[in-house]
$ cat protein.cif   # mmCIF, C-alpha atoms and all ligand atoms
data_query
loop_
_atom_site.label_atom_id
_atom_site.label_comp_id
_atom_site.auth_asym_id
_atom_site.auth_seq_id
_atom_site.Cartn_x
_atom_site.Cartn_y
_atom_site.Cartn_z
CA MET A 1 29.10 -28.89 13.63
CA ASN A 2 30.75 -25.46 13.47
CA THR A 3 29.45 -21.91 12.99
CA GLU A 4 30.18 -21.95 9.27
CA ALA A 5 28.28 -25.21 8.72
CA ILE A 6 25.21 -23.79 10.49
CA ALA A 7 25.37 -20.59 8.40
CA THR A 8 25.66 -22.56 5.13
CA GLU A 9 22.77 -24.88 5.96
CA HIS A 10 20.71 -21.89 7.10
CA ALA A 11 21.15 -20.29 3.64
CA THR A 12 19.92 -23.49 1.94
CA ARG A 13 17.00 -23.64 4.35
CA LEU A 14 15.94 -20.05 3.47
CA SER A 15 15.80 -20.66 -0.26
CA SER A 16 13.83 -23.90 0.16
CA VAL A 17 11.28 -22.42 2.54
CA ASP A 18 10.29 -19.44 0.35
CA PRO A 19 11.42 -18.67 -3.22
CA LEU A 20 10.92 -14.94 -2.61
CA LEU A 21 13.53 -14.83 0.17
CA PRO A 22 16.92 -13.51 -0.91
CA ARG A 23 19.92 -15.84 -1.36
CA PHE A 24 21.85 -13.96 1.31
CA ASP A 25 20.22 -13.36 4.67
CA PRO A 26 20.08 -9.53 4.96
CA LEU A 27 20.12 -9.85 8.74
CA ALA A 28 23.27 -11.94 9.00
CA GLU A 29 25.79 -9.38 10.20
CA PRO A 30 27.92 -11.36 12.69
CA GLU A 31 30.69 -8.75 12.53
CA ARG A 32 28.34 -6.06 13.94
CA ALA A 33 26.91 -8.25 16.71
CA SER A 34 27.49 -7.15 20.31
CA GLU A 35 26.97 -10.73 21.51
CA ALA A 36 26.86 -14.09 19.69
CA PHE A 37 25.21 -17.29 20.89
CA ARG A 38 25.70 -20.84 19.60
CA VAL A 39 23.85 -23.94 20.75
CA ILE A 40 24.25 -27.44 19.29
CA ILE A 41 22.14 -30.38 20.43
CA GLY A 42 22.66 -33.65 18.52
CA ASP A 43 22.17 -33.02 14.78
CA SER A 44 20.56 -29.60 15.31
CA GLY A 45 22.17 -26.25 15.86
CA ALA A 46 21.32 -22.56 16.12
CA LEU A 47 23.24 -19.32 16.05
CA GLY A 48 22.00 -16.03 17.43
CA PHE A 49 23.54 -12.60 16.84
CA ALA A 50 22.48 -9.76 19.12
CA LEU A 51 22.63 -6.20 17.85
CA ARG A 52 21.67 -2.95 19.60
CA SER A 53 20.64 0.17 17.69
CA GLU A 54 19.65 3.54 19.08
CA ILE A 55 18.13 6.48 17.25
CA ASP A 56 17.68 10.13 18.13
CA PRO A 57 14.20 11.27 19.33
CA SER A 58 14.45 14.15 16.86
CA SER A 59 14.75 11.81 13.86
CA SER A 60 11.60 10.90 11.93
CA ASP A 61 12.46 7.20 12.31
CA SER A 62 11.58 7.65 15.99
CA LEU A 63 7.89 7.77 14.97
CA TRP A 64 7.96 4.19 13.70
CA ARG A 65 9.98 2.33 16.31
CA ALA A 66 11.35 2.30 19.86
CA LEU A 67 14.37 4.55 20.40
CA VAL A 68 16.49 1.56 21.43
CA GLU A 69 16.07 -1.70 19.60
CA HIS A 70 17.77 -4.94 20.58
CA ARG A 71 17.61 -7.30 17.62
CA LEU A 72 18.38 -11.00 17.54
CA SER A 73 19.03 -12.60 14.17
CA LEU A 74 18.85 -16.37 14.07
CA GLN A 75 20.23 -19.15 11.92
CA PHE A 76 19.05 -22.75 12.28
CA THR A 77 19.96 -26.15 11.04
CA GLY A 78 19.01 -29.77 11.69
CA PRO A 79 15.73 -31.61 12.23
CA ASP A 80 14.91 -30.20 15.67
CA PRO A 81 16.28 -26.69 16.25
CA GLY A 82 13.47 -25.66 18.66
CA GLU A 83 15.34 -26.64 21.85
CA CYS A 84 18.49 -24.86 20.57
CA LEU A 85 16.39 -21.72 20.08
CA THR A 86 14.92 -21.97 23.58
CA ARG A 87 18.43 -21.94 25.02
CA ILE A 88 19.54 -19.05 22.82
CA LEU A 89 16.49 -17.01 23.86
CA SER A 90 17.24 -17.70 27.53
CA GLN A 91 20.87 -16.60 27.07
CA TRP A 92 19.72 -13.46 25.24
CA ASP A 93 17.21 -12.79 28.07
CA GLU A 94 20.06 -12.88 30.60
CA TYR A 95 22.05 -10.49 28.43
CA LEU A 96 19.05 -8.13 28.11
CA THR A 97 18.31 -8.24 31.85
CA ASP A 98 21.92 -7.17 32.45
CA THR A 99 21.97 -4.41 29.83
CA ALA A 100 18.44 -3.02 29.25
CA PRO A 101 16.40 -0.96 31.76
CA PRO A 102 13.27 -2.85 32.88
CA GLY A 103 9.85 -1.47 31.98
CA ASP A 104 11.06 1.08 29.42
CA TRP A 105 8.55 1.28 26.53
CA ASP A 106 11.22 2.89 24.36
CA VAL A 107 13.43 -0.20 24.54
CA ALA A 108 12.22 -3.10 22.38
CA ALA A 109 13.50 -6.60 21.72
CA VAL A 110 12.89 -7.71 18.14
CA VAL A 111 13.38 -11.05 16.41
CA PRO A 112 12.88 -10.93 12.64
CA ARG A 113 11.97 -14.29 11.07
CA PRO A 114 11.19 -15.42 7.52
CA SER A 115 7.39 -15.70 7.72
CA ARG A 116 7.26 -19.17 6.15
CA ASP A 117 10.01 -20.61 8.34
CA THR A 118 7.66 -21.19 11.23
CA VAL A 119 10.16 -23.09 13.38
CA GLY A 120 10.62 -21.33 16.69
CA SER A 121 7.21 -19.59 16.80
CA ALA A 122 6.10 -21.50 19.92
CA GLU A 123 9.45 -20.81 21.63
CA LEU A 124 9.14 -17.09 20.87
CA LEU A 125 5.62 -17.01 22.30
CA ARG A 126 6.83 -18.75 25.46
CA HIS A 127 9.48 -16.04 25.87
CA GLY A 128 6.86 -13.31 25.71
CA PHE A 129 7.28 -12.28 22.05
CA ALA A 130 4.33 -11.46 19.77
CA PRO A 131 4.26 -11.38 15.96
CA LEU A 132 3.75 -7.63 15.64
CA ARG A 133 4.80 -6.45 12.25
CA VAL A 134 5.10 -7.96 8.79
CA LEU A 135 7.06 -7.08 5.69
CA ALA A 136 4.63 -8.23 3.00
CA VAL A 137 5.37 -8.78 -0.68
CA ARG A 138 3.32 -8.65 -3.85
CA PRO A 139 5.03 -10.10 -6.92
CA ALA A 140 4.28 -8.09 -10.06
CA ASP A 141 2.45 -10.95 -11.78
CA ARG A 142 0.19 -11.62 -8.79
CA LEU A 143 -3.51 -11.72 -9.62
CA ALA A 144 -5.62 -10.11 -6.90
CA ALA A 145 -9.33 -10.70 -6.44
CA ALA A 146 -11.40 -7.73 -7.56
CA GLY A 147 -12.10 -5.45 -4.60
CA PRO A 148 -15.28 -3.52 -3.88
CA PRO A 149 -16.84 -1.70 -6.83
CA GLY A 150 -15.02 1.56 -7.63
CA GLU A 151 -16.54 4.62 -6.02
CA PRO A 152 -17.47 6.92 -8.93
CA GLY A 153 -16.66 10.11 -7.02
CA VAL A 154 -13.00 9.21 -6.35
CA ARG A 155 -10.27 11.27 -8.05
CA ILE A 156 -6.60 10.54 -7.49
CA ARG A 157 -4.03 13.29 -8.04
CA PRO A 158 -0.42 14.01 -7.07
CA ALA A 159 -0.12 15.93 -3.80
CA GLU A 160 1.18 19.48 -4.19
CA PRO A 161 3.03 21.71 -1.72
CA SER A 162 -0.32 23.38 -0.95
CA ASP A 163 -1.60 19.97 0.31
CA LEU A 164 0.97 19.93 3.13
CA ARG A 165 -1.52 20.45 5.97
CA THR A 166 -4.00 17.90 4.60
CA ALA A 167 -1.27 15.32 4.01
CA VAL A 168 0.19 15.80 7.50
CA SER A 169 -3.24 15.57 9.11
CA LEU A 170 -4.05 12.28 7.26
CA TYR A 171 -0.60 10.94 8.16
CA ALA A 172 -1.09 11.88 11.83
CA GLU A 173 -4.43 10.02 11.80
CA LEU A 174 -2.68 6.94 10.40
CA GLN A 175 -0.01 7.20 13.11
CA ARG A 176 -2.59 7.48 15.90
CA TYR A 177 -4.44 4.45 14.56
CA ASP A 178 -1.33 2.32 13.98
CA ALA A 179 0.09 3.22 17.41
CA GLU A 180 -2.54 0.95 18.95
CA PHE A 181 -0.75 -2.06 17.50
CA GLY A 182 2.64 -1.58 19.09
CA SER A 183 5.38 -0.54 16.69
CA VAL A 184 4.45 3.11 16.03
CA THR A 185 5.35 5.42 18.91
CA LEU A 186 3.31 8.57 19.43
CA ARG A 187 5.71 11.41 20.20
CA GLU A 188 5.13 15.01 21.22
CA ASN A 189 7.12 16.28 18.25
CA ALA A 190 5.22 14.04 15.76
CA THR A 191 3.51 16.90 13.88
CA GLU A 192 6.78 18.76 13.54
CA LEU A 193 8.60 15.67 12.24
CA LEU A 194 5.80 14.66 9.87
CA THR A 195 5.55 18.22 8.51
CA ALA A 196 9.30 18.43 7.81
CA ASP A 197 9.32 15.01 6.13
CA MET A 198 6.23 15.67 4.05
CA ALA A 199 7.41 19.16 2.98
CA ARG A 200 10.64 17.59 1.70
CA GLU A 201 8.70 14.87 -0.12
CA LEU A 202 6.20 17.26 -1.76
CA GLY A 203 8.96 19.58 -2.89
CA LYS A 204 11.32 17.12 -4.50
CA HIS A 205 9.35 14.86 -6.85
CA GLU A 206 7.76 17.15 -9.39
CA HIS A 207 8.22 14.72 -12.31
CA GLU A 208 7.86 11.47 -10.41
CA PRO A 209 5.43 12.18 -7.53
CA THR A 210 5.61 9.94 -4.46
CA VAL A 211 2.61 11.30 -2.55
CA TRP A 212 -0.92 11.07 -3.94
CA ILE A 213 -4.23 12.34 -2.63
CA ALA A 214 -7.64 10.71 -3.17
CA GLU A 215 -10.50 13.15 -3.31
CA LEU A 216 -14.03 11.95 -2.78
CA TYR A 217 -16.43 14.44 -4.35
CA GLY A 218 -13.72 17.08 -4.08
CA ARG A 219 -12.76 16.40 -0.43
CA PRO A 220 -9.24 15.05 0.24
CA LEU A 221 -9.85 11.85 2.21
CA GLY A 222 -7.11 9.44 1.23
CA LEU A 223 -3.30 9.49 1.15
CA LEU A 224 -0.83 7.23 -0.63
CA GLN A 225 2.94 7.41 -0.37
CA ILE A 226 5.31 5.23 -2.39
CA GLN A 227 9.03 4.83 -3.04
CA HIS A 228 10.23 4.23 -6.59
CA PRO A 229 12.90 1.55 -7.27
CA ALA A 230 15.73 4.11 -7.18
CA ASP A 231 14.93 4.79 -3.48
CA THR A 232 14.33 1.26 -2.20
CA GLY A 233 17.96 0.14 -1.69
CA TRP A 234 17.36 0.09 2.10
CA ILE A 235 14.67 -2.62 1.82
CA SER A 236 15.33 -4.45 -1.48
CA PRO A 237 17.88 -6.90 0.05
CA TYR A 238 14.95 -8.50 1.91
CA VAL A 239 13.40 -9.96 -1.25
CA SER A 240 14.62 -11.96 -4.19
CA ALA A 241 13.65 -9.46 -6.90
CA GLU A 242 15.58 -7.11 -9.16
CA ARG A 243 13.41 -4.02 -9.20
CA VAL A 244 11.59 -3.34 -5.96
CA GLY A 245 8.90 -0.78 -5.18
CA TYR A 246 7.90 0.14 -1.63
CA LEU A 247 4.44 1.24 -0.56
CA SER A 248 5.24 3.50 2.40
CA SER A 249 1.71 4.29 3.51
CA LEU A 250 -1.94 4.27 2.64
CA HIS A 251 -4.60 5.93 4.73
CA VAL A 252 -8.28 6.67 4.25
CA ALA A 253 -10.16 8.97 6.63
CA GLU A 254 -12.41 6.94 8.90
CA ALA A 255 -15.64 8.38 7.54
CA ALA A 256 -14.74 7.36 3.97
CA ARG A 257 -13.59 3.79 4.64
CA SER A 258 -15.17 0.69 3.08
CA SER A 259 -16.34 2.61 0.03
CA GLY A 260 -13.54 1.70 -2.40
CA VAL A 261 -11.14 4.64 -1.84
CA GLY A 262 -8.35 2.39 -0.47
CA THR A 263 -8.78 -0.05 -3.37
CA ALA A 264 -8.58 2.82 -5.88
CA LEU A 265 -5.35 4.14 -4.26
CA ALA A 266 -3.77 0.66 -4.11
CA ALA A 267 -4.68 0.05 -7.79
CA HIS A 268 -3.08 3.40 -8.62
CA ALA A 269 0.12 2.45 -6.78
CA HIS A 270 0.28 -0.92 -8.56
CA GLN A 271 -0.20 0.77 -11.92
CA LEU A 272 2.70 3.17 -11.17
CA PHE A 273 4.89 0.26 -10.12
CA ASP A 274 3.96 -1.73 -13.26
CA GLU A 275 4.90 1.26 -15.42
CA ALA A 276 8.27 1.42 -13.58
CA GLY A 277 8.90 -2.27 -14.39
CA VAL A 278 8.88 -3.32 -10.74
CA ASP A 279 9.23 -7.08 -10.03
CA ALA A 280 7.91 -6.96 -6.47
CA VAL A 281 6.28 -4.44 -4.16
CA LEU A 282 7.01 -4.48 -0.43
CA LEU A 283 5.17 -2.87 2.47
CA HIS A 284 5.15 -3.03 6.26
CA HIS A 285 1.96 -3.45 8.23
CA ALA A 286 0.94 -4.24 11.79
CA LEU A 287 -0.49 -7.76 11.98
CA ALA A 288 -3.13 -6.82 14.58
CA ASN A 289 -4.46 -3.94 12.45
CA PRO A 290 -7.98 -5.16 11.60
CA THR A 291 -8.29 -2.91 8.55
CA SER A 292 -4.88 -3.18 6.89
CA THR A 293 -4.18 -6.91 7.31
CA PRO A 294 -7.25 -8.20 5.41
CA PHE A 295 -7.01 -5.31 2.98
CA TRP A 296 -3.42 -6.06 1.89
CA TYR A 297 -3.97 -9.79 1.59
CA GLY A 298 -7.02 -9.08 -0.59
CA GLN A 299 -4.74 -6.92 -2.76
CA GLY A 300 -2.37 -9.80 -3.53
CA TYR A 301 0.26 -9.32 -0.78
CA ARG A 302 1.49 -12.09 1.48
CA PRO A 303 3.89 -12.23 4.45
CA LEU A 304 7.64 -12.43 3.71
CA TRP A 305 9.27 -11.47 7.03
CA THR A 306 7.56 -11.44 10.42
CA TYR A 307 8.94 -9.26 13.23
CA TRP A 308 8.39 -10.71 16.70
CA HIS A 309 8.48 -8.00 19.36
CA ARG A 310 8.71 -7.83 23.12
CA ARG A 311 8.17 -4.31 24.29
CA PRO A 312 9.48 -3.33 26.78
CA ALA A 313 12.47 -5.59 26.04
CA VAL A 314 12.71 -6.36 29.75
CA LEU A 315 9.41 -6.35 31.60
CA ALA A 316 9.21 -4.21 34.75
CA HIS A 317 8.71 -7.21 37.01
CA SER A 318 11.77 -9.01 35.55
CA GLU A 319 14.11 -6.94 37.70
CA ARG A 320 12.27 -7.93 40.88
CA ALA A 321 12.13 -11.55 39.68
CA ALA A 322 15.89 -11.52 39.04
CA GLU A 323 16.54 -10.08 42.51
CA THR A 324 14.27 -12.68 44.14
CA ASN A 325 16.01 -15.47 42.20
CA SER A 326 19.48 -14.36 43.22
CA LEU A 327 18.33 -13.95 46.85
CA ARG A 328 16.82 -17.46 46.76
CA LYS A 329 20.10 -18.85 45.36
CA ARG A 330 22.12 -17.13 48.08
CA LEU A 331 19.85 -18.48 50.84
CA SER A 332 19.75 -22.07 49.55
C1 LIG B 401 -6.71 -0.13 5.08
C2 LIG B 401 -7.48 1.05 4.46
C3 LIG B 401 -6.50 1.96 3.76
C4 LIG B 401 -8.48 0.50 3.43
O1 LIG B 401 -9.14 1.60 2.84
P1 LIG B 401 -10.70 1.55 2.45
O2 LIG B 401 -11.01 2.76 1.69
O3 LIG B 401 -11.51 1.25 3.66
O4 LIG B 401 -10.66 0.30 1.48
P2 LIG B 401 -11.80 -0.21 0.48
O5 LIG B 401 -13.13 0.37 0.82
O6 LIG B 401 -11.31 -0.02 -0.90
O7 LIG B 401 -11.76 -1.75 0.80
C5 LIG B 401 -12.13 -2.21 2.06
C6 LIG B 401 -13.37 -3.05 1.98
O8 LIG B 401 -13.40 -3.84 0.82
C7 LIG B 401 -13.16 -5.21 1.10
N1 LIG B 401 -12.16 -5.67 0.12
C8 LIG B 401 -11.01 -5.05 -0.20
N2 LIG B 401 -10.36 -5.78 -1.15
C9 LIG B 401 -11.14 -6.83 -1.39
C10 LIG B 401 -11.04 -7.94 -2.28
N3 LIG B 401 -9.99 -8.09 -3.08
N4 LIG B 401 -12.05 -8.85 -2.29
C11 LIG B 401 -13.12 -8.69 -1.49
N5 LIG B 401 -13.26 -7.66 -0.65
C12 LIG B 401 -12.29 -6.77 -0.60
C13 LIG B 401 -12.62 -5.21 2.50
O9 LIG B 401 -12.85 -6.41 3.18
C14 LIG B 401 -13.37 -4.04 3.09
O10 LIG B 401 -14.73 -4.33 3.32
P3 LIG B 401 -15.39 -4.16 4.78
O11 LIG B 401 -14.91 -2.84 5.35
O12 LIG B 401 -16.81 -4.21 4.54
O13 LIG B 401 -14.84 -5.33 5.53
C15 LIG B 401 -8.32 1.83 5.53
O14 LIG B 401 -9.11 0.93 6.23
C16 LIG B 401 -7.48 2.61 6.50
O15 LIG B 401 -7.09 3.75 6.22
N6 LIG B 401 -7.19 2.03 7.67
C17 LIG B 401 -6.46 2.72 8.74
C18 LIG B 401 -5.06 3.07 8.37
C19 LIG B 401 -4.27 1.88 8.00
O16 LIG B 401 -4.27 0.88 8.70
N7 LIG B 401 -3.56 1.98 6.86
C20 LIG B 401 -2.71 0.92 6.38
C21 LIG B 401 -1.41 1.02 7.05
S1 LIG B 401 -0.32 -0.27 6.48
#
$ encode --input "protein.cif" --output "structure tokens"
Amino acid sequence: MNTEAIATEHATRLSSVDPLLPRFDPLAEPERASEAFRVIIGDSGALGFALRSEIDPSSSDSLWRALVEHRLSLQFTGPDPGECLTRILSQWDEYLTDTAPPGDWDVAAVVPRPSRDTVGSAELLRHGFAPLRVLAVRPADRLAAAGPPGEPGVRIRPAEPSDLRTAVSLYAELQRYDAEFGSVTLRENATELLTADMARELGKHEHEPTVWIAELYGRPLGLLQIQHPADTGWISPYVSAERVGYLSSLHVAEAARSSGVGTALAAHAHQLFDEAGVDAVLLHHALANPTSTPFWYGQGYRPLWTYWHRRPAVLAHSERAAETNSLRKRLS
């Protein structure tokens, strides 16, 4: 069994496990990998490609991830690829212990997996990874159960440049809440970055707004941000759909939750996407978020890709453990 055979069988596996996965694995970038692993045991095989990316703390992406991300993309084949994966994870661990600083919260190890290809979940857990973040999908023809009764006092309107402070404050609340679940990073320059991003967004979409405010009896208490199909090229390769919409964020002020504001904003987003002829809507959410996870699945979304994280990538005690191990080896 060679590398090509594993890659080909992996592609067949993806399309059989979930019809909404794309034909080509968007994560398969062997030419960009800094390290490649291959393990074959009997009729089963696995490939792993390690990639390191680093972003600037002054970029707005830094609010949503660790500054340094080590990513492992995997390809499997055969009836029993679990043991192959265990060995790949151990080899990657050795590589990370050699290259990543231990105990650094801003260095994460991430393994993206098709949500319905559950092979390897137990092995990931045993290596200290947790399913942290999901890219969820809602096909356009999906029927969702009716949510709570609409709140009569809710009015949804496009956000205007004069809403900048309100929008940033709602966004900052969302960030603080989501930071509890591991992928968002609270940074000192967050307000500055959010303000610059939001000002750009409010200024540029006069005819096709992307930011919407929900007012409850005249008070702005909810925020929705979306990306129209023309702007979703960065995420559309992750789903088998022609026209893709992306729901960037939805937030309702704590005092107004559970009264239908979120449902009204989500219905508004879906109506906009229907009008734009979107085939599927994507969004990211933190799995441990007790408000967003049930909310999105009630709105007709379901998991497409699951991102397993270990953060820090190398735990602080790993360095001491590695030293102890090497000392033990030398003494024996
Ligand atoms: C997720 C969030 C936007 C939902 O907004 P909301 O205004 O509370 O939503 P709604 O009131 O319309 O709906 C929530 C309630 O209706 C219920 N509900 C929603 N859709 C439903 C459906 N289809 N069927 C039955 N019940 C449903 C929910 O279970 C919830 O009820 P509960 O609070 O009594 O459990 C809000 O909780 C929030 O801002 N959370 C923090 C920020 C966040 O996590 N944002 C999402 C980031 S991805």
$ atom_distance --input "protein.cif" --atom1 "atom O3 of ligand LIG 401 (chain B)" --atom2 "CA of Pro112 (chain A)"
28.7 Å
$ atom_distance --input "protein.cif" --atom1 "CA of Arg155 (chain A)" --atom2 "CA of Thr195 (chain A)"
23.9 Å
$ closest_residue --input "protein.cif" --among "A:Ala256, A:Asn189, A:Lys204, A:Pro237" --to "Tyr217 (chain A)" --atoms "only C-alpha atoms"
A:Ala256
$ residues_around --input "protein.cif" --residues "Val17 (chain A)" --least-positions-apart "6" --cutoff "9 Å" --atoms "only C-alpha atoms" --output "list in words"
Pro114, Arg116 and Asp117 of chain A
$ atom_distance --input "protein.cif" --atom1 "CA of Leu96 (chain A)" --atom2 "CA of Val68 (chain A)"
12.0 Å
$ residues_around --input "protein.cif" --residues "Val110 (chain A)" --least-positions-apart "2" --cutoff "8 Å" --atoms "only C-alpha atoms" --output "number ranges by chain"
A: 69-72, 108, 112, 307-310
$ closest_residue --input "protein.cif" --among "A:Leu170, A:Ala316, A:Thr185, A:Ala230" --to "ligand LIG 401 (chain B)" --atoms "only C-alpha atoms and all ligand atoms"
A:Leu170
$ residues_around --input "protein.cif" --residues "region 73-87 of chain A" --least-positions-apart "4" --cutoff "6 Å" --atoms "all atoms listed in the file" --output "VMD selection string"
chain A and resid 6 9 to 10 39 43 to 49 120 123
$ closest_atom_pairs --input "protein.cif" --of "chain A" --to "ligand LIG 401 (chain B)" --cutoff "6 Å" --atoms "only C-alpha atoms and all ligand atoms" --output "JSON lines"
{"residue": "A:Ala145", "atom": "CA", "partner": "B:LIG401", "partner_atom": "N3", "distance": 4.3}
{"residue": "A:Ala146", "atom": "CA", "partner": "B:LIG401", "partner_atom": "N3", "distance": 4.7}
{"residue": "A:Gly147", "atom": "CA", "partner": "B:LIG401", "partner_atom": "C10", "distance": 3.6}
{"residue": "A:Pro148", "atom": "CA", "partner": "B:LIG401", "partner_atom": "O8", "distance": 5.1}
{"residue": "A:Leu174", "atom": "CA", "partner": "B:LIG401", "partner_atom": "C18", "distance": 5.0}
{"residue": "A:Ser249", "atom": "CA", "partner": "B:LIG401", "partner_atom": "C21", "distance": 5.7}
{"residue": "A:Leu250", "atom": "CA", "partner": "B:LIG401", "partner_atom": "N7", "distance": 5.1}
{"residue": "A:His251", "atom": "CA", "partner": "B:LIG401", "partner_atom": "O15", "distance": 3.6}
{"residue": "A:Val252", "atom": "CA", "partner": "B:LIG401", "partner_atom": "O15", "distance": 3.7}
{"residue": "A:Arg257", "atom": "CA", "partner": "B:LIG401", "partner_atom": "O3", "distance": 3.4}
{"residue": "A:Ser258", "atom": "CA", "partner": "B:LIG401", "partner_atom": "O5", "distance": 3.1}
{"residue": "A:Ser259", "atom": "CA", "partner": "B:LIG401", "partner_atom": "O5", "distance": 4.0}
{"residue": "A:Gly260", "atom": "CA", "partner": "B:LIG401", "partner_atom": "O6", "distance": 3.2}
{"residue": "A:Val261", "atom": "CA", "partner": "B:LIG401", "partner_atom": "O2", "distance": 4.0}
{"residue": "A:Gly262", "atom": "CA", "partner": "B:LIG401", "partner_atom": "O2", "distance": 3.4}
{"residue": "A:Thr263", "atom": "CA", "partner": "B:LIG401", "partner_atom": "O6", "distance": 3.5}
{"residue": "A:His285", "atom": "CA", "partner": "B:LIG401", "partner_atom": "S1", "distance": 4.3}
{"residue": "A:Thr291", "atom": "CA", "partner": "B:LIG401", "partner_atom": "O14", "distance": 4.6}
{"residue": "A:Ser292", "atom": "CA", "partner": "B:LIG401", "partner_atom": "C1", "distance": 4.0}
{"residue": "A:Phe295", "atom": "CA", "partner": "B:LIG401", "partner_atom": "C8", "distance": 5.1}
{"residue": "A:Gly298", "atom": "CA", "partner": "B:LIG401", "partner_atom": "N3", "distance": 4.0}
{"residue": "A:Gln299", "atom": "CA", "partner": "B:LIG401", "partner_atom": "N3", "distance": 5.4}
$ write_last_selection --input "protein.cif" --atoms "C-alpha atoms" --output "PDB file, keeping the file's coordinate frame"
ATOM      1  CA  ALA A 145      -9.330 -10.700  -6.440  1.00  0.00           C
ATOM      2  CA  ALA A 146     -11.400  -7.730  -7.560  1.00  0.00           C
ATOM      3  CA  GLY A 147     -12.100  -5.450  -4.600  1.00  0.00           C
ATOM      4  CA  PRO A 148     -15.280  -3.520  -3.880  1.00  0.00           C
ATOM      5  CA  LEU A 174      -2.680   6.940  10.400  1.00  0.00           C
ATOM      6  CA  SER A 249       1.710   4.290   3.510  1.00  0.00           C
ATOM      7  CA  LEU A 250      -1.940   4.270   2.640  1.00  0.00           C
ATOM      8  CA  HIS A 251      -4.600   5.930   4.730  1.00  0.00           C
ATOM      9  CA  VAL A 252      -8.280   6.670   4.250  1.00  0.00           C
ATOM     10  CA  ARG A 257     -13.590   3.790   4.640  1.00  0.00           C
ATOM     11  CA  SER A 258     -15.170   0.690   3.080  1.00  0.00           C
ATOM     12  CA  SER A 259     -16.340   2.610   0.030  1.00  0.00           C
ATOM     13  CA  GLY A 260     -13.540   1.700  -2.400  1.00  0.00           C
ATOM     14  CA  VAL A 261     -11.140   4.640  -1.840  1.00  0.00           C
ATOM     15  CA  GLY A 262      -8.350   2.390  -0.470  1.00  0.00           C
ATOM     16  CA  THR A 263      -8.780  -0.050  -3.370  1.00  0.00           C
ATOM     17  CA  HIS A 285       1.960  -3.450   8.230  1.00  0.00           C
ATOM     18  CA  THR A 291      -8.290  -2.910   8.550  1.00  0.00           C
ATOM     19  CA  SER A 292      -4.880  -3.180   6.890  1.00  0.00           C
ATOM     20  CA  PHE A 295      -7.010  -5.310   2.980  1.00  0.00           C
ATOM     21  CA  GLY A 298      -7.020  -9.080  -0.590  1.00  0.00           C
ATOM     22  CA  GLN A 299      -4.740  -6.920  -2.760  1.00  0.00           C
TER      23      GLN A 299
END
$ closest_residue --input "protein.cif" --among "A:Pro19, A:Gly42, A:Pro139, A:Gly218" --to "Asp274 (chain A)" --atoms "all atoms listed in the file"
A:Pro139
$ residues_around --input "protein.cif" --residues "Ala66 (chain A)" --least-positions-apart "3" --cutoff "12 Å" --atoms "only C-alpha atoms" --output "VMD selection string"
chain A and resid 52 to 57 59 to 63 69 to 71 104 to 110 179 182 to 187 309 to 313
$ residues_around --input "protein.cif" --residues "Arg165 (chain A)" --least-positions-apart "3" --cutoff "12 Å" --atoms "all atoms listed in the file" --output "list in words"
Ala159, Glu160, Pro161, Ser162, Val168, Ser169, Leu170, Tyr171, Ala172, Thr191, Glu192, Leu194, Thr195, Ala196, Met198, Ala199, Leu202 and Pro220 of chain A
$ build_atoms --input "protein.cif" --residues "region 133-140 of chain A" --atoms "N, CA, C and O atoms" --output "JSON list (two decimals), keeping the file's coordinate frame"
[["chain", "number", "residue", "atom", "x", "y", "z"],
["A", 133, "ARG", "N", 4.69, -7.21, 13.49],
["A", 133, "ARG", "CA", 4.80, -6.45, 12.25],
["A", 133, "ARG", "C", 5.23, -7.39, 11.13],
["A", 133, "ARG", "O", 6.00, -8.33, 11.38],
["A", 134, "VAL", "N", 4.76, -7.11, 9.93],
["A", 134, "VAL", "CA", 5.10, -7.96, 8.79],
["A", 134, "VAL", "C", 5.64, -7.11, 7.65],
["A", 134, "VAL", "O", 5.17, -6.00, 7.42],
["A", 135, "LEU", "N", 6.66, -7.65, 6.98],
["A", 135, "LEU", "CA", 7.06, -7.08, 5.69],
["A", 135, "LEU", "C", 6.39, -7.99, 4.66],
["A", 135, "LEU", "O", 6.71, -9.18, 4.56],
["A", 136, "ALA", "N", 5.41, -7.44, 3.96],
["A", 136, "ALA", "CA", 4.63, -8.23, 3.00],
["A", 136, "ALA", "C", 5.09, -7.94, 1.59],
["A", 136, "ALA", "O", 5.61, -6.86, 1.30],
["A", 137, "VAL", "N", 4.89, -8.92, 0.70],
["A", 137, "VAL", "CA", 5.37, -8.78, -0.68],
["A", 137, "VAL", "C", 4.23, -9.09, -1.65],
["A", 137, "VAL", "O", 3.38, -9.93, -1.39],
["A", 138, "ARG", "N", 4.26, -8.38, -2.77],
["A", 138, "ARG", "CA", 3.32, -8.65, -3.85],
["A", 138, "ARG", "C", 4.12, -8.75, -5.15],
["A", 138, "ARG", "O", 4.59, -7.73, -5.66],
["A", 139, "PRO", "N", 4.31, -9.98, -5.65],
["A", 139, "PRO", "CA", 5.03, -10.10, -6.92],
["A", 139, "PRO", "C", 4.24, -9.42, -8.03],
["A", 139, "PRO", "O", 3.00, -9.38, -7.98],
["A", 140, "ALA", "N", 4.94, -8.90, -9.03],
["A", 140, "ALA", "CA", 4.28, -8.09, -10.06],
["A", 140, "ALA", "C", 3.21, -8.87, -10.81],
["A", 140, "ALA", "O", 2.21, -8.31, -11.23]]
